[in-house]
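So this one's final16.cif, mmCIF, C-alpha atoms:
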data_protein
loop_
_atom_site.group_PDB
_atom_site.id
_atom_site.type_symbol
_atom_site.label_atom_id
_atom_site.label_comp_id
_atom_site.auth_asym_id
_atom_site.auth_seq_id
_atom_site.Cartn_x
_atom_site.Cartn_y
_atom_site.Cartn_z
ATOM 1 C CA MET A 96 0.000 0.000 0.000
ATOM 2 C CA ALA A 97 2.991 2.299 0.375
ATOM 3 C CA ALA A 98 4.119 2.216 -3.226
ATOM 4 C CA ALA A 99 1.544 4.501 -4.785
ATOM 5 C CA ALA A 100 2.050 7.213 -2.195
ATOM 6 C CA ALA A 101 5.803 6.763 -2.131
ATOM 7 C CA ALA A 102 6.461 7.531 -5.744
ATOM 8 C CA GLN A 103 4.442 10.742 -5.643
ATOM 9 C CA ALA A 104 6.623 12.189 -2.919
ATOM 10 C CA LEU A 105 10.056 11.172 -4.119
ATOM 11 C CA TRP A 106 12.165 14.233 -4.803
ATOM 12 C CA GLY A 107 12.792 12.992 -8.304
ATOM 13 C CA ALA A 108 14.848 10.128 -9.576
ATOM 14 C CA ARG A 109 17.625 12.391 -10.762
ATOM 15 C CA ARG A 110 18.516 13.784 -7.363
ATOM 16 C CA LEU A 111 18.407 10.384 -5.695
ATOM 17 C CA ARG A 112 20.546 8.811 -8.419
ATOM 18 C CA LEU A 113 23.076 11.607 -8.015
ATOM 19 C CA PHE A 114 23.214 11.065 -4.268
ATOM 20 C CA LEU A 115 23.502 7.309 -4.667
ATOM 21 C CA SER A 116 26.193 7.588 -7.328
ATOM 22 C CA THR A 117 28.677 7.042 -4.485
ATOM 23 C CA LEU A 118 27.418 3.485 -4.007
ATOM 24 C CA LYS A 119 30.023 0.747 -3.964
ATOM 25 C CA PRO A 120 28.454 -2.313 -5.614
ATOM 26 C CA GLY A 121 29.276 -5.864 -4.719
ATOM 27 C CA ILE A 122 28.049 -9.149 -3.295
ATOM 28 C CA HIS A 123 29.854 -10.246 -0.181
ATOM 29 C CA VAL A 124 29.468 -11.471 3.341
ATOM 30 C CA PRO A 125 30.483 -8.391 5.348
ATOM 31 C CA GLN A 126 33.193 -8.620 7.949
ATOM 32 C CA ALA A 127 32.895 -7.249 11.451
ATOM 33 C CA GLU A 128 34.953 -4.132 10.805
ATOM 34 C CA PRO A 129 32.888 -0.917 11.091
ATOM 35 C CA VAL A 130 32.647 1.559 8.249
ATOM 36 C CA ALA A 131 34.768 4.675 8.567
ATOM 37 C CA ALA A 132 33.492 6.770 11.450
ATOM 38 C CA PHE A 133 30.994 9.467 10.507
ATOM 39 C CA SER A 134 31.322 8.585 6.823
ATOM 40 C CA SER A 135 28.922 10.322 4.464
ATOM 41 C CA SER A 136 29.334 7.643 1.791
ATOM 42 C CA VAL A 137 26.812 4.910 1.134
ATOM 43 C CA THR A 138 27.800 1.278 0.738
ATOM 44 C CA SER A 139 25.687 -1.051 -1.381
ATOM 45 C CA ALA A 140 26.058 -4.802 -0.850
ATOM 46 C CA LYS A 141 24.319 -8.149 -0.744
ATOM 47 C CA VAL A 142 24.633 -10.822 1.890
ATOM 48 C CA ALA A 143 23.313 -14.387 2.079
ATOM 49 C CA VAL A 144 20.503 -14.659 4.643
ATOM 50 C CA ASN A 145 18.035 -17.536 5.036
ATOM 51 C CA GLY A 146 18.722 -18.936 1.583
ATOM 52 C CA VAL A 147 18.501 -15.670 -0.387
ATOM 53 C CA HIS A 148 20.821 -12.749 -1.129
ATOM 54 C CA LEU A 149 19.460 -9.628 0.535
ATOM 55 C CA HIS A 150 20.506 -6.206 -0.709
ATOM 56 C CA TYR A 151 21.066 -3.286 1.624
ATOM 57 C CA LEU A 152 22.456 0.238 1.733
ATOM 58 C CA ARG A 153 24.589 1.311 4.662
ATOM 59 C CA THR A 154 25.733 4.751 5.756
ATOM 60 C CA GLY A 155 26.970 6.528 8.870
ATOM 61 C CA GLY A 156 29.305 5.491 11.649
ATOM 62 C CA GLY A 157 27.339 5.996 14.845
ATOM 63 C CA GLU A 158 27.043 3.405 17.588
ATOM 64 C CA HIS A 159 23.246 3.296 17.325
ATOM 65 C CA ALA A 160 22.214 0.935 14.504
ATOM 66 C CA VAL A 161 18.962 1.801 12.719
ATOM 67 C CA LEU A 162 17.240 -0.391 10.121
ATOM 68 C CA LEU A 163 14.877 1.229 7.603
ATOM 69 C CA LEU A 164 12.060 -1.086 6.483
ATOM 70 C CA PRO A 165 10.297 -0.143 3.210
ATOM 71 C CA GLY A 166 6.680 -0.564 2.185
ATOM 72 C CA MET A 167 4.943 -2.647 -0.455
ATOM 73 C CA LEU A 168 7.095 -3.025 -3.598
ATOM 74 C CA GLY A 169 9.598 -0.638 -2.047
ATOM 75 C CA SER A 170 13.332 -0.702 -1.493
ATOM 76 C CA GLY A 171 15.797 1.232 0.596
ATOM 77 C CA GLU A 172 16.667 3.362 -2.411
ATOM 78 C CA THR A 173 13.138 4.230 -3.515
ATOM 79 C CA ASP A 174 11.565 4.634 -0.084
ATOM 80 C CA PHE A 175 14.146 6.333 2.124
ATOM 81 C CA GLY A 176 16.231 8.852 0.159
ATOM 82 C CA PRO A 177 15.837 11.693 2.712
ATOM 83 C CA GLN A 178 16.627 9.380 5.617
ATOM 84 C CA ILE A 179 19.684 7.810 3.987
ATOM 85 C CA GLU A 180 20.999 11.243 3.150
ATOM 86 C CA ASN A 181 20.140 13.231 6.251
ATOM 87 C CA LEU A 182 19.814 11.096 9.380
ATOM 88 C CA ASN A 183 22.642 11.982 11.769
ATOM 89 C CA LYS A 184 25.650 9.934 10.696
ATOM 90 C CA LYS A 185 27.579 10.694 13.878
ATOM 91 C CA LEU A 186 24.870 9.169 16.041
ATOM 92 C CA PHE A 187 23.581 6.406 13.799
ATOM 93 C CA THR A 188 24.672 3.663 11.466
ATOM 94 C CA VAL A 189 21.761 3.482 9.043
ATOM 95 C CA VAL A 190 20.920 0.334 7.065
ATOM 96 C CA ALA A 191 18.132 0.371 4.463
ATOM 97 C CA TRP A 192 17.239 -3.083 3.221
ATOM 98 C CA ASP A 193 15.324 -4.564 0.293
ATOM 99 C CA PRO A 194 13.088 -7.439 1.473
ATOM 100 C CA ARG A 195 13.320 -10.632 -0.563
ATOM 101 C CA GLY A 196 11.783 -10.210 -4.006
ATOM 102 C CA TYR A 197 11.871 -6.400 -3.778
ATOM 103 C CA GLY A 198 14.411 -3.911 -5.098
ATOM 104 C CA ARG A 199 17.729 -5.592 -5.674
ATOM 105 C CA SER A 200 16.997 -8.571 -3.405
ATOM 106 C CA ARG A 201 16.123 -10.620 -6.495
ATOM 107 C CA PRO A 202 16.045 -13.439 -7.309
ATOM 108 C CA PRO A 203 13.774 -14.852 -6.001
ATOM 109 C CA ASP A 204 10.624 -13.197 -7.285
ATOM 110 C CA ARG A 205 8.408 -11.865 -4.536
ATOM 111 C CA ASP A 206 5.675 -14.160 -3.271
ATOM 112 C CA PHE A 207 3.047 -13.731 -0.583
ATOM 113 C CA PRO A 208 2.362 -16.794 1.539
ATOM 114 C CA VAL A 209 0.205 -16.000 4.538
ATOM 115 C CA GLU A 210 3.329 -15.799 6.711
ATOM 116 C CA PHE A 211 5.173 -13.311 4.474
ATOM 117 C CA PHE A 212 5.334 -10.613 7.165
ATOM 118 C CA GLU A 213 6.745 -13.118 9.656
ATOM 119 C CA ARG A 214 9.300 -14.174 7.036
ATOM 120 C CA ASP A 215 10.314 -10.553 6.421
ATOM 121 C CA ALA A 216 10.712 -9.957 10.153
ATOM 122 C CA LYS A 217 13.046 -12.927 10.503
ATOM 123 C CA ASP A 218 14.992 -11.925 7.383
ATOM 124 C CA ALA A 219 15.399 -8.364 8.692
ATOM 125 C CA VAL A 220 16.654 -9.417 12.116
ATOM 126 C CA ASP A 221 18.943 -12.105 10.706
ATOM 127 C CA LEU A 222 20.378 -9.593 8.214
ATOM 128 C CA MET A 223 21.324 -7.205 11.022
ATOM 129 C CA LYS A 224 22.807 -10.037 13.037
ATOM 130 C CA MET A 225 24.831 -11.078 9.992
ATOM 131 C CA LEU A 226 26.127 -7.499 9.837
ATOM 132 C CA LYS A 227 27.289 -7.932 13.463
ATOM 133 C CA PHE A 228 24.949 -5.440 15.101
ATOM 134 C CA LYS A 229 24.284 -6.429 18.712
ATOM 135 C CA LYS A 230 21.040 -4.466 18.946
ATOM 136 C CA VAL A 231 19.054 -2.336 16.490
ATOM 137 C CA SER A 232 16.280 0.221 16.277
ATOM 138 C CA LEU A 233 13.635 0.055 13.552
ATOM 139 C CA LEU A 234 12.058 2.675 11.318
ATOM 140 C CA GLY A 235 9.210 0.925 9.520
ATOM 141 C CA TRP A 236 6.857 2.400 6.926
ATOM 142 C CA SER A 237 3.546 0.809 5.897
ATOM 143 C CA ASP A 238 4.293 -2.887 5.262
ATOM 144 C CA GLY A 239 7.660 -2.181 6.845
ATOM 145 C CA GLY A 240 5.855 -0.951 9.938
ATOM 146 C CA ILE A 241 3.990 -4.241 10.172
ATOM 147 C CA THR A 242 7.273 -6.101 9.778
ATOM 148 C CA ALA A 243 8.817 -3.942 12.504
ATOM 149 C CA LEU A 244 5.978 -4.687 14.924
ATOM 150 C CA ILE A 245 6.403 -8.416 14.360
ATOM 151 C CA ALA A 246 10.173 -8.212 14.740
ATOM 152 C CA ALA A 247 9.848 -6.273 18.003
ATOM 153 C CA ALA A 248 7.373 -8.821 19.357
ATOM 154 C CA ARG A 249 9.308 -11.883 18.220
ATOM 155 C CA TYR A 250 12.812 -10.656 19.107
ATOM 156 C CA PRO A 251 12.300 -8.307 22.081
ATOM 157 C CA SER A 252 15.859 -8.521 23.402
ATOM 158 C CA TYR A 253 17.280 -7.474 20.016
ATOM 159 C CA ILE A 254 15.142 -4.407 19.291
ATOM 160 C CA ASN A 255 16.203 -1.167 20.946
ATOM 161 C CA LYS A 256 13.505 1.325 19.864
ATOM 162 C CA MET A 257 10.963 1.530 17.073
ATOM 163 C CA VAL A 258 9.263 4.197 14.962
ATOM 164 C CA ILE A 259 6.410 3.087 12.691
ATOM 165 C CA TRP A 260 3.990 4.942 10.422
ATOM 166 C CA GLY A 261 1.320 3.923 7.918
ATOM 167 C CA ALA A 262 1.006 0.452 9.458
ATOM 168 C CA ASN A 263 -1.990 -1.683 10.369
ATOM 169 C CA ALA A 264 -2.340 -4.764 12.550
ATOM 170 C CA TYR A 265 -5.452 -6.148 10.868
ATOM 171 C CA VAL A 266 -7.516 -5.829 7.673
ATOM 172 C CA THR A 267 -11.071 -4.484 7.499
ATOM 173 C CA ASP A 268 -13.694 -4.238 4.772
ATOM 174 C CA GLN A 269 -12.661 -0.619 4.303
ATOM 175 C CA ASP A 270 -9.027 -1.629 3.842
ATOM 176 C CA GLU A 271 -9.979 -4.309 1.330
ATOM 177 C CA GLU A 272 -11.798 -1.711 -0.745
ATOM 178 C CA ILE A 273 -8.691 0.503 -0.720
ATOM 179 C CA TYR A 274 -6.505 -2.402 -1.836
ATOM 180 C CA ARG A 275 -8.891 -3.213 -4.658
ATOM 181 C CA GLY A 276 -8.441 0.307 -5.956
ATOM 182 C CA ILE A 277 -4.665 -0.034 -6.368
ATOM 183 C CA ARG A 278 -4.522 -3.589 -7.749
ATOM 184 C CA ASP A 279 -4.346 -2.515 -11.397
ATOM 185 C CA MET A 280 -1.231 -0.375 -11.599
ATOM 186 C CA SER A 281 -2.055 0.679 -15.170
ATOM 187 C CA LYS A 282 -4.639 2.991 -13.582
ATOM 188 C CA TRP A 283 -2.011 4.744 -11.479
ATOM 189 C CA SER A 284 -0.783 8.140 -12.577
ATOM 190 C CA GLU A 285 2.323 8.180 -14.743
ATOM 191 C CA ARG A 286 4.268 10.057 -12.070
ATOM 192 C CA THR A 287 3.387 7.378 -9.556
ATOM 193 C CA ARG A 288 4.288 4.471 -11.814
ATOM 194 C CA LYS A 289 7.532 5.681 -13.319
ATOM 195 C CA PRO A 290 10.017 5.122 -10.448
ATOM 196 C CA LEU A 291 8.741 1.611 -9.813
ATOM 197 C CA GLU A 292 8.608 0.717 -13.498
ATOM 198 C CA ALA A 293 12.216 1.878 -13.740
ATOM 199 C CA LEU A 294 13.146 -0.349 -10.815
ATOM 200 C CA TYR A 295 11.235 -3.471 -11.842
ATOM 201 C CA GLY A 296 10.149 -3.235 -15.450
ATOM 202 C CA PHE A 297 6.468 -3.085 -16.344
ATOM 203 C CA ASP A 298 5.685 -6.814 -16.225
ATOM 204 C CA TYR A 299 7.246 -7.588 -12.850
ATOM 205 C CA PHE A 300 5.811 -4.429 -11.344
ATOM 206 C CA ALA A 301 2.265 -5.129 -12.555
ATOM 207 C CA ARG A 302 2.379 -8.803 -11.625
ATOM 208 C CA THR A 303 3.785 -8.188 -8.161
ATOM 209 C CA CYS A 304 1.298 -5.424 -7.432
ATOM 210 C CA GLU A 305 -1.565 -7.806 -8.146
ATOM 211 C CA LYS A 306 0.067 -10.536 -6.070
ATOM 212 C CA TRP A 307 0.511 -8.132 -3.144
ATOM 213 C CA VAL A 308 -3.161 -7.179 -3.145
ATOM 214 C CA ASP A 309 -4.154 -10.840 -3.222
ATOM 215 C CA GLY A 310 -1.622 -11.549 -0.491
ATOM 216 C CA ILE A 311 -2.776 -8.822 1.888
ATOM 217 C CA LYS A 312 -6.420 -9.760 1.349
ATOM 218 C CA GLN A 313 -5.657 -13.199 2.811
ATOM 219 C CA PHE A 314 -5.702 -11.667 6.260
ATOM 220 C CA LYS A 315 -9.269 -10.473 5.818
ATOM 221 C CA HIS A 316 -10.361 -14.106 5.985
ATOM 222 C CA LEU A 317 -8.586 -14.768 9.291
ATOM 223 C CA PRO A 318 -10.333 -14.148 12.632
ATOM 224 C CA ASP A 319 -10.662 -10.362 13.162
ATOM 225 C CA GLY A 320 -8.705 -9.813 9.935
ATOM 226 C CA ASN A 321 -5.595 -10.495 11.976
ATOM 227 C CA ILE A 322 -2.121 -9.682 10.683
ATOM 228 C CA CYS A 323 -0.246 -9.099 13.939
ATOM 229 C CA ARG A 324 -2.790 -7.735 16.436
ATOM 230 C CA HIS A 325 -2.148 -10.737 18.706
ATOM 231 C CA LEU A 326 1.530 -9.772 18.915
ATOM 232 C CA LEU A 327 1.136 -6.129 19.938
ATOM 233 C CA PRO A 328 1.057 -6.830 23.707
ATOM 234 C CA LEU A 329 4.412 -8.605 23.323
ATOM 235 C CA VAL A 330 6.217 -5.464 22.105
ATOM 236 C CA GLN A 331 8.534 -4.286 24.873
ATOM 237 C CA CYS A 332 10.683 -1.611 23.235
ATOM 238 C CA PRO A 333 9.885 2.121 23.334
ATOM 239 C CA THR A 334 7.627 2.706 20.347
ATOM 240 C CA LEU A 335 6.646 5.876 18.515
ATOM 241 C CA ILE A 336 3.636 5.667 16.203
ATOM 242 C CA VAL A 337 3.422 8.492 13.677
ATOM 243 C CA HIS A 338 0.262 9.010 11.673
ATOM 244 C CA GLY A 339 -0.609 11.415 8.899
ATOM 245 C CA GLU A 340 -4.130 12.671 9.431
ATOM 246 C CA LYS A 341 -4.624 12.894 5.656
ATOM 247 C CA ASP A 342 -3.390 9.356 4.959
ATOM 248 C CA PRO A 343 -5.709 8.000 2.222
ATOM 249 C CA LEU A 344 -4.439 4.431 2.480
ATOM 250 C CA VAL A 345 -4.409 3.713 6.221
ATOM 251 C CA PRO A 346 -7.334 5.080 8.261
ATOM 252 C CA SER A 347 -6.497 6.624 11.624
ATOM 253 C CA PHE A 348 -8.209 3.884 13.626
ATOM 254 C CA HIS A 349 -5.273 1.615 12.792
ATOM 255 C CA ALA A 350 -2.775 3.948 14.479
ATOM 256 C CA ASP A 351 -5.130 4.302 17.448
ATOM 257 C CA PHE A 352 -5.416 0.524 17.779
ATOM 258 C CA ILE A 353 -1.653 -0.019 17.710
ATOM 259 C CA HIS A 354 -1.162 2.794 20.230
ATOM 260 C CA LYS A 355 -3.756 1.272 22.555
ATOM 261 C CA HIS A 356 -2.264 -2.222 22.453
ATOM 262 C CA VAL A 357 1.479 -1.484 22.465
ATOM 263 C CA LYS A 358 2.113 -0.725 26.095
ATOM 264 C CA GLY A 359 3.713 2.648 26.786
ATOM 265 C CA SER A 360 3.762 3.705 23.134
ATOM 266 C CA TRP A 361 3.548 7.305 21.957
ATOM 267 C CA LEU A 362 1.259 8.522 19.171
ATOM 268 C CA HIS A 363 2.264 11.588 17.155
ATOM 269 C CA LEU A 364 -0.202 13.009 14.629
ATOM 270 C CA MET A 365 0.861 15.092 11.637
ATOM 271 C CA PRO A 366 -2.175 17.131 10.519
ATOM 272 C CA GLU A 367 -0.983 17.566 6.918
ATOM 273 C CA GLY A 368 0.747 14.214 6.670
ATOM 274 C CA LYS A 369 -0.289 11.616 4.129
ATOM 275 C CA HIS A 370 0.931 8.054 3.761
ATOM 276 C CA ASN A 371 4.379 9.200 2.646
ATOM 277 C CA LEU A 372 4.846 11.769 5.401
ATOM 278 C CA HIS A 373 8.529 10.895 5.848
ATOM 279 C CA LEU A 374 9.141 12.020 2.268
ATOM 280 C CA ARG A 375 6.808 14.993 1.995
ATOM 281 C CA PHE A 376 7.857 16.348 5.392
ATOM 282 C CA ALA A 377 11.311 14.806 5.584
ATOM 283 C CA GLY A 378 12.927 17.438 7.785
ATOM 284 C CA GLU A 379 10.171 17.323 10.395
ATOM 285 C CA PHE A 380 10.026 13.547 10.345
ATOM 286 C CA ASN A 381 13.793 13.065 10.581
ATOM 287 C CA LYS A 382 14.028 15.369 13.608
ATOM 288 C CA LEU A 383 11.128 13.585 15.268
ATOM 289 C CA ALA A 384 12.741 10.189 14.691
ATOM 290 C CA GLU A 385 16.202 11.326 15.792
ATOM 291 C CA ASP A 386 14.902 12.886 18.990
ATOM 292 C CA PHE A 387 12.972 9.739 19.843
ATOM 293 C CA LEU A 388 15.829 7.370 19.061
ATOM 294 C CA GLN A 389 18.221 9.350 21.224
#
Same coordinates, now as structure tokens:
Amino acid sequence: MAAAAAAQALWGARRLRLFLSTLKPGIHVPQAEPVAAFSSSVTSAKVAVNGVHLHYLRTGGGEHAVLLLPGMLGSGETDFGPQIENLNKKLFTVVAWDPRGYGRSRPPDRDFPVEFFERDAKDAVDLMKMLKFKKVSLLGWSDGGITALIAAARYPSYINKMVIWGANAYVTDQDEEIYRGIRDMSKWSERTRKPLEALYGFDYFARTCEKWVDGIKQFKHLPDGNICRHLLPLVQCPTLIVHGEKDPLVPSFHADFIHKHVKGSWLHLMPEGKHNLHLRFAGEFNKLAEDFLQ
């Protein structure tokens, strides 16, 4: 559900490509040595995790490790340009990953078994462990927010803090109607489609969009439309829930529900924020996240 909103708010592919032109490509199993302290460069690499090669971007040299988790069809590169560029590199080491089947974590093609969020949560945690981080904080958007909630519940001793936005713990009739409206990507605006078509090619993009909608609708047929609502009471880390009050894809009752059931969580509303609030209001969001993580 994040993809359509994401592309609209991207600064433009040219600026992001220019920024990411410093990437150092390669496939390797990283060693334990840290990147140069306070480096402004971005490293691009793949590492074998759970039978697949997962791609990630890494920047910064701070002691506090932060993993950025993208939304549906997203990648670190397409979903988190302002965070990769501007989060404090003295305080944080920032990793932005591509879940299996997304971005450059292909092959394999993306599929959506009913446990795909659980699978992503395990992949994300195991990736960070492979990179030798002893503990991490999570910034999760949309599907990435769901993945972050599951990771925090399943691996409580490993998650330091968490910021999520645009996430939901269950699927309603209203949500299903929203998903139905984005299933056919040929109906999306050209500006919305272009970045993802460039990343995937038309056929893979269209096919995976349809598969995602069918995959997320599976949860509607489970008791209470459950995705991860049963796990929310297990979250132990400090959690900040950010919600854009003009989000057209995730109604506000989802943020309220997560806030109510994650003990001790904070809810921050952005009156003008939409689904892609971290892109449209990057400066405000980055400061909010940095202050909370510190």
Q: Run the PyMOL selection byres ((chain A and resi 199) around 10) against the file shown and list the residues it catches, as a ChimeraX atom specification.
A: /A:140-141,148-151,170-172,192-198,200-202,294-295
Please tabulate, as CSV, the residues of region 134-246 of chain A that come within 12 Å of region 301-306 of chain A, each with its closest pair of atoms and the distance in Å to one decimal, counting all atoms listed in the file and ordering rows by chain, then residue number upward.
residue,atom,partner,partner_atom,distance
A:Met167,CA,A:Cys304,CA,8.3
A:Leu168,CA,A:Cys304,CA,7.4
A:Gly169,CA,A:Cys304,CA,11.0
A:Gly196,CA,A:Thr303,CA,9.2
A:Tyr197,CA,A:Thr303,CA,9.4
A:Gly198,CA,A:Thr303,CA,11.9
A:Asp204,CA,A:Thr303,CA,8.5
A:Arg205,CA,A:Thr303,CA,6.9
A:Asp206,CA,A:Lys306,CA,7.2
A:Phe207,CA,A:Lys306,CA,7.0
A:Pro208,CA,A:Lys306,CA,10.1
A:Val209,CA,A:Lys306,CA,11.9
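Between Lys315 (chain A) and the candidates A:Met365, A:Asn181, A:Ser136, A:Thr267, the tightest atom-to-atom separation, counting only C-alpha atoms, involves A:Thr267.
The spacing separating CA of Tyr265 (chain A) from CA of Ala246 (chain A) amounts to 16.2 Å.
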Q: Output the residue selection produced by the PyMOL selection byres ((chain A and resi 325) around 12) on the file above, formatted as a count of residues only.
A: 22
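Of the residues listed (A:Gln269, A:Ser281, A:Asn263, A:Thr334), A:Asn263 shows the shortest atom-to-atom separation from Ala350 (chain A); distances use all atoms listed in the file.
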Excluding Ile273 (chain A) and residues on its chain fewer than 2 positions from it, collect all residues at most 12 Å away from it, counting all atoms listed in the file, and give them as a CSV table (one decimal) with C-alpha atoms, in the coordinates of the input.
chain,number,residue,atom,x,y,z
A,96,MET,CA,0.0,0.0,0.0
A,97,ALA,CA,3.0,2.3,0.4
A,99,ALA,CA,1.5,4.5,-4.8
A,266,VAL,CA,-7.5,-5.8,7.7
A,267,THR,CA,-11.1,-4.5,7.5
A,268,ASP,CA,-13.7,-4.2,4.8
A,269,GLN,CA,-12.7,-0.6,4.3
A,270,ASP,CA,-9.0,-1.6,3.8
A,271,GLU,CA,-10.0,-4.3,1.3
A,275,ARG,CA,-8.9,-3.2,-4.7
A,276,GLY,CA,-8.4,0.3,-6.0
A,277,ILE,CA,-4.7,0.0,-6.4
A,278,ARG,CA,-4.5,-3.6,-7.7
A,279,ASP,CA,-4.3,-2.5,-11.4
A,308,VAL,CA,-3.2,-7.2,-3.1
A,311,ILE,CA,-2.8,-8.8,1.9
A,312,LYS,CA,-6.4,-9.8,1.3
A,342,ASP,CA,-3.4,9.4,5.0
A,343,PRO,CA,-5.7,8.0,2.2
A,344,LEU,CA,-4.4,4.4,2.5
A,345,VAL,CA,-4.4,3.7,6.2
A,346,PRO,CA,-7.3,5.1,8.3
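The smallest atom-to-atom distance between Gln178 (chain A) and any of A:Pro290, A:Gly368, A:Gly378, A:Gly146, using all atoms listed in the file, is found for A:Gly378.
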Q: Excluding Ala216 (chain A) and any residue of its chain fewer than 3 positions from it, enumerate the residues within 7 Å of it, using all atoms listed in the file, and give them as number ranges by chain.
A: A: 212-213, 219-220, 242-243, 245-246
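If all atoms listed in the file are the atoms counted, then among A:His159, A:Arg214, A:Arg375, A:Lys355 the closest residue to Gly176 (chain A) is A:Arg375.
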Q. So what do you get for CA of Gly155 (chain A) versus CA of Trp260 (chain A), distance-wise?
A. 23.1 Å
Identify, on the basis of only C-alpha atoms, every residue whose closest approach to region 221-229 of chain A does not exceed 10 Å; exclude the query and any residue fewer than 2 positions from it along the same chain; express the result as a PDB file with C-alpha atoms, in the coordinates of the input.
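Full text of part17.pdb as output:
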ATOM      1  CA  VAL A 124      29.468 -11.471   3.341  1.00  0.00           C
ATOM      2  CA  PRO A 125      30.483  -8.391   5.348  1.00  0.00           C
ATOM      3  CA  GLN A 126      33.193  -8.620   7.949  1.00  0.00           C
ATOM      4  CA  ALA A 127      32.895  -7.249  11.451  1.00  0.00           C
ATOM      5  CA  GLU A 128      34.953  -4.132  10.805  1.00  0.00           C
ATOM      6  CA  PRO A 129      32.888  -0.917  11.091  1.00  0.00           C
ATOM      7  CA  LYS A 141      24.319  -8.149  -0.744  1.00  0.00           C
ATOM      8  CA  VAL A 142      24.633 -10.822   1.890  1.00  0.00           C
ATOM      9  CA  ALA A 143      23.313 -14.387   2.079  1.00  0.00           C
ATOM     10  CA  VAL A 144      20.503 -14.659   4.643  1.00  0.00           C
ATOM     11  CA  ASN A 145      18.035 -17.536   5.036  1.00  0.00           C
ATOM     12  CA  HIS A 148      20.821 -12.749  -1.129  1.00  0.00           C
ATOM     13  CA  LEU A 149      19.460  -9.628   0.535  1.00  0.00           C
ATOM     14  CA  HIS A 150      20.506  -6.206  -0.709  1.00  0.00           C
ATOM     15  CA  TYR A 151      21.066  -3.286   1.624  1.00  0.00           C
ATOM     16  CA  GLU A 158      27.043   3.405  17.588  1.00  0.00           C
ATOM     17  CA  HIS A 159      23.246   3.296  17.325  1.00  0.00           C
ATOM     18  CA  ALA A 160      22.214   0.935  14.504  1.00  0.00           C
ATOM     19  CA  VAL A 161      18.962   1.801  12.719  1.00  0.00           C
ATOM     20  CA  LEU A 162      17.240  -0.391  10.121  1.00  0.00           C
ATOM     21  CA  THR A 188      24.672   3.663  11.466  1.00  0.00           C
ATOM     22  CA  VAL A 190      20.920   0.334   7.065  1.00  0.00           C
ATOM     23  CA  TRP A 192      17.239  -3.083   3.221  1.00  0.00           C
ATOM     24  CA  ASP A 215      10.314 -10.553   6.421  1.00  0.00           C
ATOM     25  CA  ALA A 216      10.712  -9.957  10.153  1.00  0.00           C
ATOM     26  CA  LYS A 217      13.046 -12.927  10.503  1.00  0.00           C
ATOM     27  CA  ASP A 218      14.992 -11.925   7.383  1.00  0.00           C
ATOM     28  CA  ALA A 219      15.399  -8.364   8.692  1.00  0.00           C
ATOM     29  CA  VAL A 231      19.054  -2.336  16.490  1.00  0.00           C
ATOM     30  CA  SER A 252      15.859  -8.521  23.402  1.00  0.00           C
ATOM     31  CA  TYR A 253      17.280  -7.474  20.016  1.00  0.00           C
ATOM     32  CA  ILE A 254      15.142  -4.407  19.291  1.00  0.00           C
ATOM     33  CA  ASN A 255      16.203  -1.167  20.946  1.00  0.00           C
TER      34      ASN A 255
END
Q.
To test your reading of the syntax: which residues would the PyMOL selection byres ((chain A and resi 164) around 6) return for the file shown? Reply as a list in words.
A. Leu163, Pro165, Gly235 and Gly239 of chain A
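With distances restricted to all atoms listed in the file, A:Tyr250 is the closest residue to Gln331 (chain A) from A:Tyr250, A:Phe380, A:Trp307, A:Phe300.
Among the candidates A:Asn381, A:Thr173, A:Ser237, A:Ser347, the residue lying nearest to Pro366 (chain A) is A:Ser347 (atoms considered: all atoms listed in the file).
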Q: Find the residues around His354 (chain A) up to 10 Å (all atoms listed in the file counted), leave out those fewer than 3 positions away in its own chain, and share them as a ChimeraX atom specification.
A: /A:327,334-337,348-351,357-363
Q) What does the distance from CA of Ser139 (chain A) to CA of Leu152 (chain A) come to in Å, to one decimal? A) 4.7 Å
Q: Go ahead and find all residues with at least one atom no further than 8 Å from (10.5, 5.0, 16.7) in the file's coordinates, using all atoms listed in the file; report them as a PyMOL selection string.
A: chain A and resi 232-234+256-259+333-336+384+387-388
Please produce a file of the residues just selected, as a CSV table (one decimal), keeping the file's coordinate frame, where the atoms kept are C-alpha atoms.
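Wrote it out as out36.csv, contents follow:
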chain,number,residue,atom,x,y,z
A,232,SER,CA,16.3,0.2,16.3
A,233,LEU,CA,13.6,0.1,13.6
A,234,LEU,CA,12.1,2.7,11.3
A,256,LYS,CA,13.5,1.3,19.9
A,257,MET,CA,11.0,1.5,17.1
A,258,VAL,CA,9.3,4.2,15.0
A,259,ILE,CA,6.4,3.1,12.7
A,333,PRO,CA,9.9,2.1,23.3
A,334,THR,CA,7.6,2.7,20.3
A,335,LEU,CA,6.6,5.9,18.5
A,336,ILE,CA,3.6,5.7,16.2
A,384,ALA,CA,12.7,10.2,14.7
A,387,PHE,CA,13.0,9.7,19.8
A,388,LEU,CA,15.8,7.4,19.1
How big is the axis-aligned box, and where does its centre sit, when it encloses all atoms of region 160-176 of chain A listed in the file and has 4 Å added on every side, reported in Å to one decimal as JSON?
{"center_x": 13.6, "center_y": 2.9, "center_z": 5.5, "size_x": 25.3, "size_y": 19.9, "size_z": 26.1}
